[in-house]
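Pasting work_4.cif here (mmCIF, C-alpha atoms):
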data_final
loop_
_atom_site.label_atom_id
_atom_site.label_comp_id
_atom_site.auth_asym_id
_atom_site.auth_seq_id
_atom_site.Cartn_x
_atom_site.Cartn_y
_atom_site.Cartn_z
CA MET S 1 -30.69 -8.96 -21.74
CA MET S 2 -27.44 -7.65 -20.29
CA ILE S 3 -25.45 -5.53 -22.70
CA PRO S 4 -21.72 -6.35 -22.82
CA ILE S 5 -19.33 -3.50 -22.27
CA SER S 6 -16.55 -2.65 -24.69
CA LYS S 7 -12.89 -2.39 -23.74
CA GLY S 8 -13.11 1.34 -23.26
CA GLY S 9 -16.08 1.23 -20.92
CA SER S 10 -18.65 2.38 -23.48
CA GLY S 11 -22.24 1.25 -23.67
CA PRO S 12 -25.49 2.15 -21.89
CA VAL S 13 -25.11 2.64 -18.17
CA ALA S 14 -28.44 0.99 -17.47
CA ASN S 15 -28.91 -2.78 -17.71
CA ARG S 16 -25.28 -3.68 -17.17
CA SER S 17 -24.42 -6.83 -15.28
CA THR S 18 -22.44 -6.59 -12.07
CA TRP S 19 -19.49 -8.14 -13.93
CA ALA S 20 -19.66 -5.45 -16.62
CA VAL S 21 -19.83 -2.67 -14.05
CA TRP S 22 -16.93 -4.06 -12.02
CA THR S 23 -14.67 -4.56 -15.05
CA CYS S 24 -15.50 -1.32 -16.89
CA ALA S 25 -12.67 0.70 -15.29
CA PRO S 26 -9.24 -0.29 -13.93
CA HIS S 27 -9.69 1.34 -10.54
CA ARG S 28 -12.82 -0.79 -9.99
CA MET S 29 -11.07 -3.95 -11.19
CA PHE S 30 -8.11 -3.57 -8.81
CA PHE S 31 -9.47 -1.61 -5.85
CA LEU S 32 -12.27 -4.07 -5.07
CA PRO S 33 -10.04 -7.15 -4.54
CA GLY S 34 -7.53 -4.85 -2.83
CA ALA S 35 -10.16 -3.79 -0.30
CA LEU S 36 -11.16 -7.41 0.30
CA GLN S 37 -7.52 -8.44 0.60
CA LEU S 38 -6.96 -5.69 3.18
CA VAL S 39 -9.67 -7.25 5.34
CA ALA S 40 -8.44 -10.81 4.71
CA SER S 41 -4.85 -9.91 5.63
CA MET S 42 -5.98 -8.31 8.86
CA LEU S 43 -8.21 -11.26 9.74
CA PHE S 44 -5.26 -13.62 9.24
CA LEU S 45 -3.03 -11.43 11.40
CA GLY S 46 -5.67 -10.99 14.10
CA TRP S 47 -6.43 -14.71 14.18
CA ASP S 48 -2.74 -15.56 14.53
CA ILE S 49 -2.10 -12.92 17.21
CA GLY S 50 -5.17 -13.98 19.16
CA GLY S 51 -4.12 -17.63 19.14
CA ARG S 52 -0.33 -17.64 19.09
CA SER S 53 0.46 -14.50 21.10
CA LEU S 54 -2.58 -14.16 23.37
CA GLY S 55 -3.64 -17.79 23.70
CA LEU S 56 -7.32 -17.03 23.10
CA TRP S 57 -7.91 -19.94 20.69
CA ALA S 58 -6.16 -22.67 18.77
CA VAL S 59 -4.45 -21.74 15.52
CA PRO S 60 -3.70 -24.05 12.58
CA ALA S 61 -0.29 -25.61 12.11
CA TRP S 62 0.70 -23.16 9.39
CA SER S 63 2.69 -24.61 6.50
CA PHE S 64 5.45 -22.03 7.10
CA PRO S 65 6.08 -19.37 9.76
CA PRO S 66 3.03 -17.07 9.96
CA ALA S 67 5.31 -14.02 10.25
CA TRP S 68 6.51 -14.80 6.71
CA GLY S 69 2.94 -15.09 5.48
CA HIS S 70 2.02 -11.79 7.12
CA ALA S 71 5.05 -10.06 5.61
CA TRP S 72 4.33 -11.30 2.09
CA LEU S 73 0.63 -10.52 2.31
CA MET S 74 1.22 -6.98 3.54
CA VAL S 75 4.15 -6.00 1.31
CA PHE S 76 3.38 -7.91 -1.89
CA GLY S 77 -0.15 -9.26 -1.61
CA LEU S 78 -1.90 -6.02 -0.67
CA PHE S 79 -0.47 -2.70 -1.85
CA PRO S 80 0.13 -3.65 -5.53
CA TRP S 81 -3.66 -3.77 -5.99
CA PHE S 82 -3.95 -0.10 -5.20
CA ILE S 83 -0.77 0.92 -7.00
CA LEU S 84 -1.85 -0.83 -10.20
CA GLY S 85 -5.42 0.44 -9.94
CA PHE S 86 -4.14 3.98 -9.47
CA GLY S 87 -1.52 3.63 -12.19
CA LEU S 88 -3.90 2.26 -14.81
CA THR S 89 -6.30 5.10 -14.01
CA ALA S 90 -3.92 8.06 -13.65
CA ILE S 91 -1.06 7.33 -16.03
CA PRO S 92 -3.30 7.22 -19.14
CA ASN S 93 -4.35 10.75 -18.20
CA TRP S 94 -0.69 11.76 -17.93
CA THR S 95 0.33 10.24 -21.27
CA GLY S 96 -2.86 10.42 -23.36
CA ILE S 97 -2.65 6.66 -24.10
CA LYS S 98 -5.60 4.64 -22.82
CA SER S 99 -5.37 1.28 -21.12
CA ARG S 100 -7.52 -1.62 -22.32
CA ARG S 101 -10.10 -3.75 -20.56
CA SER S 102 -8.35 -6.93 -21.74
CA GLU S 103 -5.21 -5.71 -19.96
CA TRP S 104 -7.05 -5.15 -16.68
CA LEU S 105 -8.48 -8.65 -16.84
CA ALA S 106 -5.13 -10.24 -17.72
CA GLY S 107 -3.59 -8.58 -14.67
CA ALA S 108 -6.29 -8.76 -12.04
CA LEU S 109 -7.72 -12.25 -12.56
CA PRO S 110 -4.43 -14.18 -12.06
CA MET S 111 -3.70 -11.99 -9.04
CA ILE S 112 -7.08 -12.86 -7.51
CA VAL S 113 -6.68 -16.61 -8.06
CA GLY S 114 -3.09 -16.46 -6.85
CA LEU S 115 -4.07 -14.78 -3.59
CA VAL S 116 -6.80 -17.35 -2.93
CA LEU S 117 -4.26 -20.13 -3.43
CA PHE S 118 -1.73 -18.39 -1.19
CA HIS S 119 -4.24 -18.08 1.64
CA ALA S 120 -5.22 -21.72 1.22
CA GLY S 121 -1.58 -22.77 1.13
CA LEU S 122 -0.87 -21.03 4.42
CA ALA S 123 -3.03 -23.60 6.19
CA THR S 124 -2.37 -26.62 3.98
CA SER S 125 0.73 -26.66 1.80
CA ARG S 126 3.82 -24.49 1.39
CA GLU S 127 4.04 -25.51 -2.28
CA LEU S 128 0.47 -24.36 -2.90
CA ALA S 129 1.16 -21.01 -1.26
CA VAL S 130 4.29 -20.50 -3.37
CA ALA S 131 2.45 -21.47 -6.57
CA GLY S 132 -0.34 -19.04 -5.72
CA GLY S 133 2.13 -16.27 -4.99
CA LEU S 134 3.89 -16.84 -8.31
CA LEU S 135 0.55 -16.73 -10.16
CA HIS S 136 -0.15 -13.44 -8.36
CA ALA S 137 3.25 -12.16 -9.55
CA ALA S 138 2.42 -13.19 -13.13
CA GLY S 139 -0.75 -11.09 -13.05
CA TRP S 140 1.22 -8.25 -11.46
CA LEU S 141 3.69 -8.38 -14.36
CA ALA S 142 0.89 -8.48 -16.94
CA ALA S 143 -0.64 -5.32 -15.47
CA THR S 144 2.80 -3.70 -15.29
CA PHE S 145 3.43 -4.45 -18.97
CA ALA S 146 0.10 -2.76 -19.72
CA LEU S 147 1.34 0.29 -17.83
CA ALA S 148 4.61 0.12 -19.76
CA ARG S 149 2.69 0.19 -23.05
CA VAL S 150 0.71 3.21 -21.87
CA THR S 151 3.92 4.91 -20.73
CA PHE S 152 6.37 4.19 -23.53
CA THR S 153 4.09 4.56 -26.57
CA ALA S 154 3.31 8.14 -25.63
CA GLY S 155 4.97 10.82 -27.70
CA LYS S 156 6.39 12.49 -24.60
CA ARG S 157 7.92 10.37 -21.84
CA ASP S 158 6.49 11.08 -18.39
CA PRO S 159 9.28 10.61 -15.80
CA GLN S 160 6.98 9.73 -12.91
CA ALA S 161 5.10 7.17 -15.01
CA ILE S 162 8.43 5.61 -16.01
CA ALA S 163 9.50 5.50 -12.35
CA ILE S 164 6.28 3.73 -11.32
CA VAL S 165 6.71 1.10 -14.06
CA VAL S 166 10.33 0.44 -13.07
CA LEU S 167 9.48 0.22 -9.37
CA LEU S 168 6.62 -2.20 -10.09
CA LEU S 169 9.10 -4.46 -11.90
CA VAL S 170 11.47 -4.27 -8.92
CA GLY S 171 8.60 -5.12 -6.60
CA ALA S 172 7.54 -8.14 -8.67
CA ALA S 173 11.13 -9.41 -8.64
CA ALA S 174 11.32 -8.97 -4.86
CA SER S 175 8.01 -10.82 -4.46
CA ALA S 176 9.29 -13.75 -6.55
CA ALA S 177 12.50 -13.83 -4.50
CA PHE S 178 10.47 -13.87 -1.29
CA LEU S 179 8.34 -16.78 -2.56
CA LEU S 180 11.38 -18.79 -3.63
CA ALA S 181 12.88 -18.20 -0.20
CA ILE S 182 9.67 -19.56 1.36
CA ALA S 183 9.95 -22.64 -0.86
CA GLN S 184 13.51 -23.21 0.38
CA LEU S 185 12.81 -22.08 3.98
CA GLU S 186 15.65 -19.56 3.68
CA ALA S 187 15.06 -17.09 6.51
CA ASP S 188 17.97 -14.84 5.57
CA TRP S 189 16.70 -14.37 2.02
CA ILE S 190 13.21 -13.79 3.35
CA ALA S 191 14.55 -10.79 5.27
CA VAL S 192 16.42 -9.39 2.26
CA ALA S 193 13.38 -9.77 -0.01
CA ARG S 194 11.16 -8.09 2.59
CA HIS S 195 13.60 -5.18 2.90
CA ALA S 196 13.69 -4.88 -0.90
CA GLY S 197 9.91 -4.91 -1.12
CA LEU S 198 9.66 -2.10 1.40
CA TRP S 199 12.62 0.14 0.58
CA LEU S 200 13.17 -0.51 -3.14
CA PHE S 201 9.49 -0.75 -4.06
CA LEU S 202 6.74 0.44 -1.72
CA VAL S 203 8.26 3.51 -0.08
CA PRO S 204 9.77 4.85 -3.36
CA VAL S 205 6.59 4.30 -5.39
CA PHE S 206 4.46 5.98 -2.72
CA LEU S 207 6.87 8.91 -2.69
CA VAL S 208 6.69 9.20 -6.49
CA VAL S 209 2.89 9.33 -6.33
CA ASN S 210 3.06 11.82 -3.44
CA HIS S 211 5.37 14.11 -5.42
CA ARG S 212 2.95 14.07 -8.33
CA MET S 213 -0.42 14.14 -6.63
CA ILE S 214 -0.20 16.00 -3.30
CA PRO S 215 0.88 19.31 -4.87
CA PHE S 216 -1.61 18.78 -7.72
CA PHE S 217 -4.56 18.05 -5.43
CA SER S 218 -3.54 20.92 -3.14
CA SER S 219 -3.49 23.33 -6.08
CA ARG S 220 -7.08 22.36 -6.87
CA VAL S 221 -8.29 23.17 -3.35
CA LEU S 222 -6.03 25.89 -1.91
CA SER S 223 -6.20 29.33 -3.49
CA GLY S 224 -2.93 30.94 -4.50
CA TYR S 225 -1.09 27.64 -4.18
CA ALA S 226 2.42 27.49 -5.67
CA LEU S 227 3.60 24.10 -6.92
CA TYR S 228 6.88 23.00 -5.33
CA ARG S 229 8.64 20.02 -6.90
CA PRO S 230 12.44 20.35 -6.86
CA ALA S 231 13.93 18.16 -9.59
CA TRP S 232 16.44 16.64 -7.18
CA SER S 233 13.90 15.78 -4.46
CA MET S 234 12.87 12.34 -5.68
CA PRO S 235 16.41 11.22 -6.64
CA LEU S 236 17.56 12.23 -3.14
CA LEU S 237 14.81 10.21 -1.48
CA ALA S 238 15.36 7.25 -3.79
CA ALA S 239 19.06 7.22 -2.92
CA ALA S 240 18.20 7.36 0.79
CA CYS S 241 15.77 4.43 0.42
CA ALA S 242 18.42 2.39 -1.42
CA THR S 243 20.96 3.22 1.30
CA HIS S 244 18.53 2.11 4.02
CA PHE S 245 17.98 -1.17 2.15
CA ALA S 246 21.72 -1.81 1.75
CA LEU S 247 22.52 -1.07 5.40
CA GLU S 248 19.63 -3.09 6.82
CA SER S 249 20.29 -6.05 4.51
CA ALA S 250 23.93 -6.04 5.57
CA GLY S 251 22.94 -6.18 9.25
CA LEU S 252 24.21 -2.65 9.90
CA ASP S 253 21.11 -1.53 11.77
CA GLY S 254 23.15 0.87 13.87
CA TRP S 255 23.95 2.93 10.78
CA VAL S 256 20.51 3.11 9.17
CA TRP S 257 20.12 6.58 10.70
CA VAL S 258 22.56 7.84 8.05
CA ALA S 259 19.77 7.40 5.50
CA ASP S 260 16.69 7.90 7.66
CA LEU S 261 17.58 11.11 9.49
CA PRO S 262 18.08 13.31 6.41
CA MET S 263 15.11 11.62 4.74
CA ALA S 264 12.92 12.43 7.76
CA ALA S 265 14.03 16.05 7.73
CA TRP S 266 13.36 16.48 4.01
CA VAL S 267 9.97 14.73 4.08
CA GLY S 268 8.98 16.89 7.05
CA TRP S 269 9.94 20.00 5.10
CA LEU S 270 7.94 18.80 2.09
CA ALA S 271 4.90 18.23 4.28
CA LEU S 272 5.05 21.83 5.47
CA LYS S 273 5.96 23.27 2.07
CA TRP S 274 3.12 21.40 0.36
CA GLY S 275 0.55 22.97 2.68
CA LEU S 276 -0.03 20.75 5.70
CA THR S 277 -1.52 23.51 7.83
CA GLN S 278 -3.84 24.74 5.07
CA SER S 279 -4.94 21.26 4.00
CA PHE S 280 -7.53 20.89 6.76
CA ARG S 281 -9.98 22.91 4.66
CA ALA S 282 -10.79 19.59 2.93
CA ARG S 283 -10.66 16.27 4.74
CA LEU S 284 -9.62 14.22 1.70
CA LEU S 285 -6.70 16.56 1.12
CA ALA S 286 -5.74 16.62 4.80
CA MET S 287 -5.59 12.81 4.81
CA LEU S 288 -2.79 12.89 2.25
CA HIS S 289 -0.86 15.60 4.06
CA ILE S 290 -1.24 13.94 7.47
CA SER S 291 -0.04 10.60 6.10
CA LEU S 292 3.07 12.24 4.68
CA THR S 293 3.73 13.87 8.05
CA VAL S 294 3.49 10.48 9.74
CA LEU S 295 6.15 9.25 7.31
CA ALA S 296 8.50 11.96 8.57
CA PHE S 297 7.87 10.83 12.17
CA ALA S 298 8.31 7.15 11.25
CA LEU S 299 11.65 7.88 9.58
CA ALA S 300 12.79 9.93 12.57
CA PHE S 301 11.71 7.09 14.87
CA SER S 302 13.70 4.64 12.75
CA ALA S 303 16.75 6.92 13.03
CA VAL S 304 16.39 7.04 16.83
CA ALA S 305 16.09 3.24 16.97
CA SER S 306 19.19 2.94 14.80
CA LEU S 307 21.18 5.29 17.06
CA ALA S 308 20.02 3.30 20.10
CA THR S 309 21.46 0.19 18.47
CA LEU S 310 24.72 2.00 17.75
CA LEU S 311 24.92 3.06 21.42
CA GLY S 312 24.47 -0.48 22.67
CA TYR S 313 20.69 -0.86 23.02
CA PRO S 314 19.70 -3.11 20.10
CA GLY S 315 16.05 -4.04 19.86
CA LEU S 316 14.95 -1.31 22.27
CA PHE S 317 12.05 -0.34 20.01
CA GLY S 318 11.65 -3.68 18.26
CA ARG S 319 9.85 -3.25 14.95
CA GLY S 320 8.06 -0.16 16.17
CA PRO S 321 9.38 2.10 13.39
CA LEU S 322 8.37 -0.47 10.78
CA HIS S 323 4.82 -0.67 12.14
CA LEU S 324 4.44 3.11 12.28
CA LEU S 325 5.72 3.32 8.70
CA SER S 326 3.53 0.53 7.35
CA VAL S 327 0.30 1.42 9.17
CA GLY S 328 0.60 5.16 9.74
CA TYR S 329 1.99 6.00 6.30
CA LEU S 330 1.52 3.22 3.74
CA ALA S 331 -1.90 2.00 4.89
CA ALA S 332 -3.22 5.43 5.87
CA MET S 333 -1.99 7.03 2.63
CA THR S 334 -3.65 4.20 0.71
CA ILE S 335 -6.96 4.84 2.45
CA GLY S 336 -6.68 8.56 1.64
CA MET S 337 -5.63 8.22 -1.99
CA VAL S 338 -7.96 5.33 -2.85
CA SER S 339 -10.92 7.05 -1.20
CA ARG S 340 -10.30 10.15 -3.30
CA VAL S 341 -9.93 8.25 -6.58
CA SER S 342 -12.95 6.05 -5.81
CA LEU S 343 -15.22 9.00 -5.04
CA GLY S 344 -14.04 11.09 -7.97
CA HIS S 345 -14.35 8.29 -10.52
CA SER S 346 -17.78 7.19 -9.29
CA GLY S 347 -19.37 10.60 -9.82
CA ARG S 348 -19.60 11.34 -6.10
CA ALA S 349 -18.55 14.49 -4.28
CA LEU S 350 -14.90 14.69 -3.26
CA GLU S 351 -15.71 14.77 0.42
CA ALA S 352 -14.65 12.33 3.11
CA ASP S 353 -17.60 11.28 5.24
CA SER S 354 -17.24 10.76 8.99
CA LEU S 355 -16.58 7.03 8.65
CA THR S 356 -13.71 7.58 6.22
CA TRP S 357 -12.21 10.52 8.13
CA TYR S 358 -12.35 9.11 11.64
CA GLY S 359 -11.42 5.66 10.41
CA PHE S 360 -8.32 7.19 8.83
CA LEU S 361 -7.36 8.98 12.06
CA ALA S 362 -8.02 5.80 14.05
CA LEU S 363 -5.76 3.86 11.68
CA ILE S 364 -2.86 6.20 12.45
CA ALA S 365 -3.58 5.74 16.17
CA VAL S 366 -3.46 1.97 15.63
CA GLY S 367 -0.06 2.37 13.97
CA ALA S 368 1.20 4.26 17.03
CA MET S 369 -0.31 1.65 19.36
CA ARG S 370 1.26 -1.22 17.44
CA ALA S 371 4.61 0.55 17.47
CA ALA S 372 4.34 1.11 21.24
CA ALA S 373 3.69 -2.61 21.77
CA ASP S 374 7.22 -3.34 20.52
CA PHE S 375 8.94 -1.21 23.19
CA ALA S 376 11.25 -3.69 24.93
CA PRO S 377 10.80 -2.54 28.57
CA LEU S 378 7.01 -2.99 28.43
CA ALA S 379 5.51 -5.55 30.80
CA PRO S 380 4.32 -8.68 28.93
CA THR S 381 0.74 -8.14 30.06
CA LEU S 382 0.65 -4.59 28.72
CA ARG S 383 2.26 -5.72 25.48
CA SER S 384 -0.42 -8.38 25.07
CA VAL S 385 -3.17 -5.81 25.68
CA LEU S 386 -1.71 -3.45 23.08
CA LEU S 387 -1.30 -6.26 20.56
CA GLY S 388 -4.87 -7.42 21.06
CA LEU S 389 -6.38 -3.94 20.90
CA SER S 390 -4.39 -2.95 17.83
CA ALA S 391 -5.34 -6.15 15.97
CA LEU S 392 -9.02 -5.75 16.87
CA ALA S 393 -9.02 -2.08 15.86
CA TRP S 394 -7.20 -2.89 12.59
CA VAL S 395 -9.87 -5.39 11.60
CA ALA S 396 -12.75 -3.11 12.60
CA ILE S 397 -11.38 -0.07 10.75
CA VAL S 398 -10.54 -1.79 7.47
CA ALA S 399 -13.77 -3.80 7.48
CA ALA S 400 -15.82 -0.62 7.92
CA TRP S 401 -13.87 1.15 5.17
CA ALA S 402 -14.24 -1.81 2.80
CA ALA S 403 -17.98 -2.00 3.53
CA ARG S 404 -18.19 1.68 2.58
CA PHE S 405 -16.35 1.41 -0.74
CA VAL S 406 -16.81 -2.12 -2.12
CA PRO S 407 -20.43 -1.35 -3.16
CA VAL S 408 -19.12 1.72 -5.01
CA TYR S 409 -17.02 -0.52 -7.30
CA LEU S 410 -20.06 -2.65 -8.16
CA ALA S 411 -22.49 0.19 -8.87
CA PRO S 412 -22.66 2.46 -11.95
CA ARG S 413 -21.46 6.03 -11.58
CA SER S 414 -23.95 8.14 -9.66
CA ASP S 415 -23.80 10.87 -12.29
CA GLY S 416 -24.83 8.51 -15.09
CA ARG S 417 -21.52 8.82 -16.94
CA ASP S 418 -19.49 5.91 -18.26
CA GLY S 419 -16.59 4.37 -16.34
#

Rewrite the coordinates I just gave you, this time as structure tokens.
Amino acid sequence: MMIPISKGGSGPVANRSTWAVWTCAPHRMFFLPGALQLVASMLFLGWDIGGRSLGLWAVPAWSFPPAWGHAWLMVFGLFPWFILGFGLTAIPNWTGIKSRRSEWLAGALPMIVGLVLFHAGLATSRELAVAGGLLHAAGWLAATFALARVTFTAGKRDPQAIAIVVLLLVGAAASAAFLLAIAQLEADWIAVARHAGLWLFLVPVFLVVNHRMIPFFSSRVLSGYALYRPAWSMPLLAAACATHFALESAGLDGWVWVADLPMAAWVGWLALKWGLTQSFRARLLAMLHISLTVLAFALAFSAVASLATLLGYPGLFGRGPLHLLSVGYLAAMTIGMVSRVSLGHSGRALEADSLTWYGFLALIAVGAMRAAADFAPLAPTLRSVLLGLSALAWVAIVAAWAARFVPVYLAPRSDGRDG
């Protein structure tokens, strides 16, 4: 007989059902569907690129523009899994208030069903996709309210935990706005909601986590390490992100450099100050530092593209800066952070194997390749080759990574401990 697990993850490790193992810890509950969604999103993108852009096969008559579906899936349908899984794992350690199994279920299950409906709606019905997306947002909010309970019932308020909760609420609102714009086929509002999801949600929340965790992890590995977290650093970067959002939403692409150039310089300084050169002693640590360095390059690239627009060359780099940011920083940082949390909380050694390490490096190369494909002067044939190769590599990398870690979320801890 299978022994049910209690809300705190207690009970004998042996004889648990797969369901009990999967749902016994929040990182398992959210990371597993996140890993599967990463593969599903890339398969959708690769299928559409192969058919629509390269003409290799027929593609369905999507119920709304596939670029909108790709944008929602990547910004709102993917990264919240990992943010919520991390938050429900780490923030209880910061505050001393534990999250509950019922809260993980109330958040993750609607998100899973919602994503299935969204994918189905892409090929069949716009209304179904919107309904699925809104159900996903409802689960997102439920998990965020659980984080809020963990954060605000603590005796001492943790500023980074508060920031993550607030940013998750902003992200959920942006997701709902995006979905309503899909329902109304409002392209202009789609763009604004996408900008909000990126610059008022994803980039700030990743930076908050980076400020908390990169110095902390570095101090655990590098001897004589001095923590460096200026109190004004995160407010400065948050203001720069908000400025980028306002300028881009207003169509002032030629002035985005005002926000991105100083942000690139400061992030680059943080990467060096936090120990980039020393981080290569441990691959898992280096992955975090390298990802942050790519962010500095992506922001600098965005500033250059903005200045090119100001000087009369709009669209010279296309969405190259966006692809370097999303793949080389957001996706690569996710792989690094999630790999570390997954290994540490499964009782395994905190060491990146060759598949994880080289897959991470290859993912950054894919980001650079995808960014290069948007360079306006490129010959169409070369652009098609770069698009095809980057899509194929994307799918291969994330599928291999998911195959490595999905079994971890369905197996008991290797050290026999609970959780």

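Considering all atoms listed in the file, the residue among S:Val267, S:Ala239, S:Ala303, S:Ala193 positioned nearest to Gly254 of chain S is S:Ala303.
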
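Of note, atom CA of Trp62 of chain S and atom CA of Gly114 of chain S are spaced 18.0 Å apart.
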
Result set, the PyMOL selection byres ((chain S and resi 269) around 12) on current file, as a CSV table (one decimal) with C-alpha atoms, in the coordinates of the input:
chain,number,residue,atom,x,y,z
S,228,TYR,CA,6.9,23.0,-5.3
S,233,SER,CA,13.9,15.8,-4.5
S,262,PRO,CA,18.1,13.3,6.4
S,263,MET,CA,15.1,11.6,4.7
S,264,ALA,CA,12.9,12.4,7.8
S,265,ALA,CA,14.0,16.0,7.7
S,266,TRP,CA,13.4,16.5,4.0
S,267,VAL,CA,10.0,14.7,4.1
S,268,GLY,CA,9.0,16.9,7.0
S,270,LEU,CA,7.9,18.8,2.1
S,271,ALA,CA,4.9,18.2,4.3
S,272,LEU,CA,5.0,21.8,5.5
S,273,LYS,CA,6.0,23.3,2.1
S,274,TRP,CA,3.1,21.4,0.4
S,275,GLY,CA,0.6,23.0,2.7
S,276,LEU,CA,0.0,20.8,5.7
S,289,HIS,CA,-0.9,15.6,4.1
S,292,LEU,CA,3.1,12.2,4.7
S,293,THR,CA,3.7,13.9,8.0
S,295,LEU,CA,6.2,9.2,7.3
S,296,ALA,CA,8.5,12.0,8.6
S,297,PHE,CA,7.9,10.8,12.2

- Message: Could you list, as an MDAnalysis selection string, every residue matched by the PyMOL selection byres ((chain S and resi 162) around 12) in this structure?
- Response: chainID S and resid 87 91 94:95 144:145 147:154 156:161 163:169 205 208:209

- Query: Excluding same-chain residues fewer than 5 positions from segment 219-225 of chain S, what lies within 12 Å of it counting all atoms listed in the file, as a count of residues only?
  - Reply: 19
